[in-house]
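K.L.:
Data: structure-v5.cif, mmCIF, C-alpha atoms.
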```cif
data_my_file
#
loop_
_atom_site.label_atom_id
_atom_site.label_comp_id
_atom_site.auth_asym_id
_atom_site.auth_seq_id
_atom_site.Cartn_x
_atom_site.Cartn_y
_atom_site.Cartn_z
CA MET J 1 -93.08 28.66 131.98
CA LYS J 2 -89.79 27.17 133.17
CA LEU J 3 -90.39 24.22 130.86
CA HIS J 4 -90.94 26.59 127.96
CA TYR J 5 -87.58 28.36 128.62
CA ALA J 6 -85.79 25.03 129.00
CA PHE J 7 -87.26 23.80 125.70
CA LEU J 8 -86.34 27.07 123.96
CA THR J 9 -82.76 26.92 125.32
CA ILE J 10 -82.28 23.30 124.22
CA PHE J 11 -83.77 24.04 120.78
CA SER J 12 -81.48 27.10 120.37
CA LEU J 13 -78.41 25.05 121.29
CA PHE J 14 -79.44 22.35 118.81
CA LEU J 15 -79.77 24.95 116.02
CA LEU J 16 -76.44 26.50 116.92
CA LEU J 17 -74.66 23.13 116.83
CA ALA J 18 -76.37 22.10 113.59
CA THR J 19 -75.26 25.26 111.75
CA THR J 20 -71.67 25.29 113.07
CA LYS J 21 -69.01 23.48 111.01
CA SER J 22 -67.80 20.28 112.57
CA GLN J 23 -64.21 21.60 112.36
CA ASP J 24 -63.14 25.21 112.51
CA PHE J 25 -59.61 26.08 111.36
CA PRO J 26 -57.58 29.19 112.16
CA VAL J 27 -57.74 32.03 109.64
CA GLY J 28 -54.88 31.69 107.15
CA SER J 29 -54.63 27.91 107.46
CA CYS J 30 -54.83 25.77 104.34
CA GLY J 31 -54.18 22.46 102.65
CA ASP J 32 -54.34 19.01 104.19
CA GLN J 33 -54.00 20.49 107.68
CA ALA J 34 -57.17 22.56 107.16
CA GLY J 35 -59.46 20.14 105.37
CA GLY J 36 -58.27 21.19 101.90
CA ALA J 37 -58.90 24.90 102.44
CA LEU J 38 -57.38 27.21 99.80
CA CYS J 39 -55.49 30.47 100.22
CA ALA J 40 -56.58 33.78 98.75
CA GLU J 41 -55.41 34.55 95.21
CA GLY J 42 -51.71 35.40 95.05
CA PHE J 43 -50.83 33.29 98.10
CA CYS J 44 -49.30 29.81 98.38
CA CYS J 45 -50.15 27.10 100.87
CA SER J 46 -47.00 25.96 102.68
CA LYS J 47 -46.24 22.37 103.64
CA TRP J 48 -47.03 23.44 107.21
CA GLY J 49 -50.57 24.46 106.26
CA TRP J 50 -50.32 28.27 106.30
CA CYS J 51 -50.95 30.85 103.56
CA GLY J 52 -48.23 33.28 102.53
CA ASN J 53 -46.48 34.80 99.51
CA THR J 54 -42.77 34.62 100.38
CA SER J 55 -40.21 31.91 99.64
CA ALA J 56 -40.92 30.35 103.05
CA TYR J 57 -44.37 29.46 101.68
CA CYS J 58 -43.90 29.33 97.90
CA ASP J 59 -40.48 27.73 97.18
CA ALA J 60 -40.73 24.26 95.62
CA GLU J 61 -39.49 22.58 98.81
CA ASN J 62 -41.94 24.49 101.04
CA CYS J 63 -45.12 24.69 98.95
CA GLN J 64 -48.05 22.27 99.32
CA SER J 65 -50.63 23.78 96.95
CA GLN J 66 -51.33 26.87 94.85
CA CYS J 67 -47.58 26.93 94.14
CA PRO J 68 -46.06 29.12 91.42
CA PRO J 69 -45.03 27.31 88.22
CA PRO J 70 -41.38 26.22 88.02
CA PRO J 71 -39.07 28.66 86.23
CA SER J 72 -38.56 28.12 82.51
CA PRO J 73 -35.15 26.88 81.37
CA PRO J 74 -32.92 29.60 79.98
CA PRO J 75 -33.19 30.09 76.22
CA PRO J 76 -30.30 28.99 74.02
CA PRO J 77 -27.81 31.67 73.07
CA GLN J 78 -29.34 33.87 70.39
CA GLY J 79 -29.13 32.32 66.94
CA GLU J 80 -27.95 28.91 68.17
CA LEU J 81 -29.99 25.74 67.88
CA PRO J 82 -29.95 23.16 70.71
CA CYS J 83 -28.42 19.74 69.88
CA GLY J 84 -26.62 16.68 71.19
CA VAL J 85 -26.82 14.64 74.36
CA GLN J 86 -27.98 17.67 76.37
CA HIS J 87 -31.07 18.02 74.16
CA GLY J 88 -32.26 14.45 73.56
CA GLY J 89 -29.93 13.76 70.63
CA ALA J 90 -31.20 16.66 68.50
CA THR J 91 -29.12 17.14 65.35
CA CYS J 92 -27.85 20.21 63.52
CA PRO J 93 -28.35 21.24 59.90
CA PRO J 94 -25.74 19.73 57.50
CA THR J 95 -23.52 22.85 57.44
CA MET J 96 -23.24 22.95 61.24
CA CYS J 97 -21.62 20.86 63.98
CA CYS J 98 -22.96 20.19 67.47
CA THR J 99 -20.57 21.62 70.09
CA ILE J 100 -19.88 20.04 73.48
CA MET J 101 -21.97 22.88 74.97
CA GLY J 102 -25.03 21.44 73.20
CA TYR J 103 -25.60 24.09 70.52
CA CYS J 104 -25.09 24.11 66.75
CA ALA J 105 -22.20 26.17 65.38
CA ASN J 106 -20.75 26.94 61.95
CA SER J 107 -18.82 23.86 60.76
CA ARG J 108 -15.87 26.03 59.74
CA GLY J 109 -15.67 27.84 63.07
CA PRO J 110 -13.39 27.10 66.05
CA LEU J 111 -16.20 25.47 68.06
CA CYS J 112 -16.33 22.63 65.52
CA SER J 113 -12.76 21.50 66.14
CA ARG J 114 -12.70 17.83 67.13
CA ASP J 115 -11.99 18.53 70.80
CA LEU J 116 -14.96 20.90 71.15
CA CYS J 117 -17.44 18.98 69.01
CA GLN J 118 -20.08 16.25 69.57
CA SER J 119 -21.27 15.50 66.02
CA ASN J 120 -20.80 16.61 62.37
CA CYS J 121 -17.19 17.34 63.29
CA GLY J 122 -15.03 16.71 60.24
CA PRO J 123 -12.73 13.69 59.82
CA ALA J 124 -12.70 11.42 62.87
CA GLN J 125 -9.51 10.22 64.57
CA CYS J 126 -11.16 7.48 66.66
CA GLY J 127 -14.38 5.75 67.58
CA VAL J 128 -17.46 4.89 65.55
CA ASP J 129 -16.81 7.45 62.79
CA ALA J 130 -13.23 6.15 62.39
CA ARG J 131 -14.30 2.50 62.01
CA GLY J 132 -13.75 1.83 65.72
CA ALA J 133 -10.13 3.00 65.80
CA PRO J 134 -8.85 3.69 69.34
CA CYS J 135 -6.67 6.59 70.35
CA VAL J 136 -3.04 5.50 69.98
CA ASN J 137 -1.78 7.37 73.03
CA ARG J 138 -3.00 5.55 76.15
CA ILE J 139 -3.47 8.79 78.10
CA HIS J 140 -6.12 9.92 75.60
CA CYS J 141 -9.83 9.23 75.43
CA CYS J 142 -12.02 9.14 72.32
CA THR J 143 -14.66 11.89 72.49
CA ILE J 144 -18.15 11.52 71.07
CA GLY J 145 -16.97 13.84 68.30
CA GLY J 146 -14.25 11.35 67.31
CA SER J 147 -11.18 13.22 68.55
CA CYS J 148 -8.47 11.99 70.89
CA ALA J 149 -8.24 14.19 73.97
CA VAL J 150 -6.03 14.11 77.07
CA TYR J 151 -7.65 12.44 80.12
CA THR J 152 -7.64 15.70 82.09
CA SER J 153 -10.06 17.25 79.60
CA PRO J 154 -13.72 17.46 80.71
CA ILE J 155 -14.71 15.81 77.43
CA CYS J 156 -13.09 12.56 78.63
CA MET J 157 -15.97 12.10 81.07
CA PRO J 158 -19.51 10.92 80.28
CA PRO J 159 -21.57 11.90 78.37
CA PHE J 160 -18.91 13.37 76.04
CA CYS J 161 -16.64 10.31 75.80
CA GLN J 162 -17.28 7.26 73.62
CA SER J 163 -14.29 5.06 74.54
CA GLN J 164 -11.12 4.99 76.66
CA CYS J 165 -12.99 7.34 79.01
CA TYR J 166 -11.79 8.80 82.32
CA PHE J 167 -14.33 7.77 84.94
CA GLY J 168 -13.24 9.97 87.82
CA GLN J 169 -10.26 8.06 89.19
CA LYS J 170 -8.56 9.83 92.05
CA GLU J 171 -5.80 12.19 91.01
CA SER J 172 -3.10 10.02 92.64
CA ALA J 173 -4.33 6.90 90.78
CA ARG J 174 -4.26 8.76 87.47
CA ILE J 175 -0.74 10.10 88.12
CA SER J 176 0.45 6.58 89.01
CA MET J 177 -1.07 5.25 85.79
CA LEU J 178 0.57 7.98 83.71
CA LYS J 179 3.97 7.31 85.34
CA ALA J 180 3.62 3.57 84.72
CA ILE J 181 3.01 4.00 80.99
CA GLY J 182 5.21 7.03 80.59
#
```
Show how you would write the structure in this file as structure tokens.
P.N.:
Amino acid sequence: MKLHYAFLTIFSLFLLLATTKSQDFPVGSCGDQAGGALCAEGFCCSKWGWCGNTSAYCDAENCQSQCPPPPSPPPPPQGELPCGVQHGGATCPPTMCCTIMGYCANSRGPLCSRDLCQSNCGPAQCGVDARGAPCVNRIHCCTIGGSCAVYTSPICMPPFCQSQCYFGQKESARISMLKAIG
């Protein structure tokens, strides 16, 4: 009889071990840390291997899997078409210019003045559209729209400048340069 109980005990332990998972993970664990386990619907798996639905789990820098999609870029201002260097070189219809903000505007409006324009800007003062002419004043840059603008203007920095560009010299170096030519 003792042998029968011993055999039954060993057989029961064998069945118990055979039906138990080789690895058990805490409830709420997920991802690589938990053998690829997934979270319940509506929850994200954090880079630390825990399920949750707050930014600590679901932000792009914290999320490992089941992450929310990235936010969509904001739409262009109503009625304006995207264009220029900000939008892969997209062009505007013939009656419109591309502003330095990257949207098409009425060619006769103030946003199409040479210092606010990227393309389709009216007569050029410098650059490619002016047969390569430089800006005469040495403290000016040639914008991608073909206008001469003062170095302190944001359009004298890439990507809005085509020649004689300001490349971020320190303020004191720029003042020294202006005094030297002035």
K.L.:
Select, counting only C-alpha atoms, all protein, DNA and RNA residues no farther than 12 Å from (-30.0, 18.5, 63.7) in file coordinates, and express the selection as a PyMOL selection string.
P.N.:
chain J and resi 80-85+87-99+102-105+118-120
K.L.:
Write a file of the selected residues as a compact mmCIF listing (two decimals), in the coordinates of the input, keeping C-alpha atoms.
P.N.:
```
# COMPACT_ATOMS: atom_id res chain seq x y z
CA GLU J 80 -27.95 28.91 68.17
CA LEU J 81 -29.99 25.74 67.88
CA PRO J 82 -29.95 23.16 70.71
CA CYS J 83 -28.42 19.74 69.88
CA GLY J 84 -26.62 16.68 71.19
CA VAL J 85 -26.82 14.64 74.36
CA HIS J 87 -31.07 18.02 74.16
CA GLY J 88 -32.26 14.45 73.56
CA GLY J 89 -29.93 13.76 70.63
CA ALA J 90 -31.20 16.66 68.50
CA THR J 91 -29.12 17.14 65.35
CA CYS J 92 -27.85 20.21 63.52
CA PRO J 93 -28.35 21.24 59.90
CA PRO J 94 -25.74 19.73 57.50
CA THR J 95 -23.52 22.85 57.44
CA MET J 96 -23.24 22.95 61.24
CA CYS J 97 -21.62 20.86 63.98
CA CYS J 98 -22.96 20.19 67.47
CA THR J 99 -20.57 21.62 70.09
CA GLY J 102 -25.03 21.44 73.20
CA TYR J 103 -25.60 24.09 70.52
CA CYS J 104 -25.09 24.11 66.75
CA ALA J 105 -22.20 26.17 65.38
CA GLN J 118 -20.08 16.25 69.57
CA SER J 119 -21.27 15.50 66.02
CA ASN J 120 -20.80 16.61 62.37
```
K.L.:
Choose the residue, out of J:Leu38, J:Cys30, J:Cys161, J:Cys63, that has the smallest atom-to-atom separation from Trp50 of chain J; count all atoms listed in the file.
P.N.:
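Of the candidates, the smallest distance to Trp50 of chain J is held by J:Cys30.
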K.L.:
Which distance in Å separates atom CA of Cys45 of chain J and atom CA of Gln64 of chain J, to one decimal?
P.N.:
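Distance between the two atoms: 5.5 Å.
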K.L.:
Can you pull out every residue within 9 Å of Cys165 of chain J, counting only C-alpha atoms, but drop anything in the same chain fewer than 5 positions away, and send it as a PyMOL selection string?
P.N.:
chain J and resi 140-143+151+155-158+160
K.L.:
Dump C-alpha atoms for the selected residues as an mmCIF file, keeping the file's coordinate frame?
P.N.:
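Output contents, as saved in again_34.cif:
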```
data_model
loop_
_atom_site.group_PDB
_atom_site.id
_atom_site.type_symbol
_atom_site.label_atom_id
_atom_site.label_comp_id
_atom_site.auth_asym_id
_atom_site.auth_seq_id
_atom_site.Cartn_x
_atom_site.Cartn_y
_atom_site.Cartn_z
ATOM 1 C CA HIS J 140 -6.120 9.920 75.600
ATOM 2 C CA CYS J 141 -9.830 9.230 75.430
ATOM 3 C CA CYS J 142 -12.020 9.140 72.320
ATOM 4 C CA THR J 143 -14.660 11.890 72.490
ATOM 5 C CA TYR J 151 -7.650 12.440 80.120
ATOM 6 C CA ILE J 155 -14.710 15.810 77.430
ATOM 7 C CA CYS J 156 -13.090 12.560 78.630
ATOM 8 C CA MET J 157 -15.970 12.100 81.070
ATOM 9 C CA PRO J 158 -19.510 10.920 80.280
ATOM 10 C CA PHE J 160 -18.910 13.370 76.040
#
```
K.L.:
Using the chain letters and numbers from the file, give me the residues hit by the PyMOL selection byres ((chain J and resi 31) around 12), as a list in words.
P.N.:
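On the file shown, the PyMOL selection byres ((chain J and resi 31) around 12) covers Phe25, Gly28, Ser29, Cys30, Asp32, Gln33, Ala34, Gly35, Gly36, Ala37, Leu38, Cys39, Cys44, Cys45, Ser46, Lys47, Trp48, Gly49, Trp50, Cys51, Cys63, Gln64, Ser65, Gln66 and Cys67 of chain J.
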K.L.:
Using only C-alpha atoms, which protein or nucleic acid residues come within 12 Å of Pro70 of chain J? Drop anything in the same chain fewer than 5 positions from it, and give the result as a ChimeraX atom specification.
P.N.:
/J:58-61,63
K.L.:
Taking into account only C-alpha atoms, which residue in the set J:Ile100, J:Val136, J:Ala149, J:Ala56 is nearest to Cys121 of chain J?
P.N.:
J:Ile100
K.L.:
Which residues fall under the PyMOL selection byres ((chain J and resi 134) around 12) in this file, as a short mmCIF file (atom, residue, chain, number, x, y, z; two decimals) with C-alpha atoms, in the coordinates of the input?
P.N.:
```cif
data_model
loop_
_atom_site.label_atom_id
_atom_site.label_comp_id
_atom_site.auth_asym_id
_atom_site.auth_seq_id
_atom_site.Cartn_x
_atom_site.Cartn_y
_atom_site.Cartn_z
CA ALA J 124 -12.70 11.42 62.87
CA GLN J 125 -9.51 10.22 64.57
CA CYS J 126 -11.16 7.48 66.66
CA GLY J 127 -14.38 5.75 67.58
CA VAL J 128 -17.46 4.89 65.55
CA ASP J 129 -16.81 7.45 62.79
CA ALA J 130 -13.23 6.15 62.39
CA ARG J 131 -14.30 2.50 62.01
CA GLY J 132 -13.75 1.83 65.72
CA ALA J 133 -10.13 3.00 65.80
CA CYS J 135 -6.67 6.59 70.35
CA VAL J 136 -3.04 5.50 69.98
CA ASN J 137 -1.78 7.37 73.03
CA ARG J 138 -3.00 5.55 76.15
CA ILE J 139 -3.47 8.79 78.10
CA HIS J 140 -6.12 9.92 75.60
CA CYS J 141 -9.83 9.23 75.43
CA CYS J 142 -12.02 9.14 72.32
CA THR J 143 -14.66 11.89 72.49
CA GLY J 146 -14.25 11.35 67.31
CA SER J 147 -11.18 13.22 68.55
CA CYS J 148 -8.47 11.99 70.89
CA ALA J 149 -8.24 14.19 73.97
CA GLN J 162 -17.28 7.26 73.62
CA SER J 163 -14.29 5.06 74.54
CA GLN J 164 -11.12 4.99 76.66
CA CYS J 165 -12.99 7.34 79.01
#
```
K.L.:
Hey, can you check how far atom CA of Ser55 of chain J sits from atom CA of Val27 of chain J?
P.N.:
20.2 Å
K.L.:
One decimal, Å: what's the distance from atom CA of Thr54 of chain J over to atom CA of Pro69 of chain J, could you say?
P.N.:
14.4 Å
K.L.:
Set up a box along x, y and z of the file covering all listed atoms of segment 115-121 of chain J, add 5 Å on every one of the six sides, and write the centre and edge lengths in Å to one decimal, as JSON.
P.N.:
```
{"center_x": -16.6, "center_y": 18.2, "center_z": 66.8, "size_x": 19.3, "size_y": 15.4, "size_z": 18.8}
```
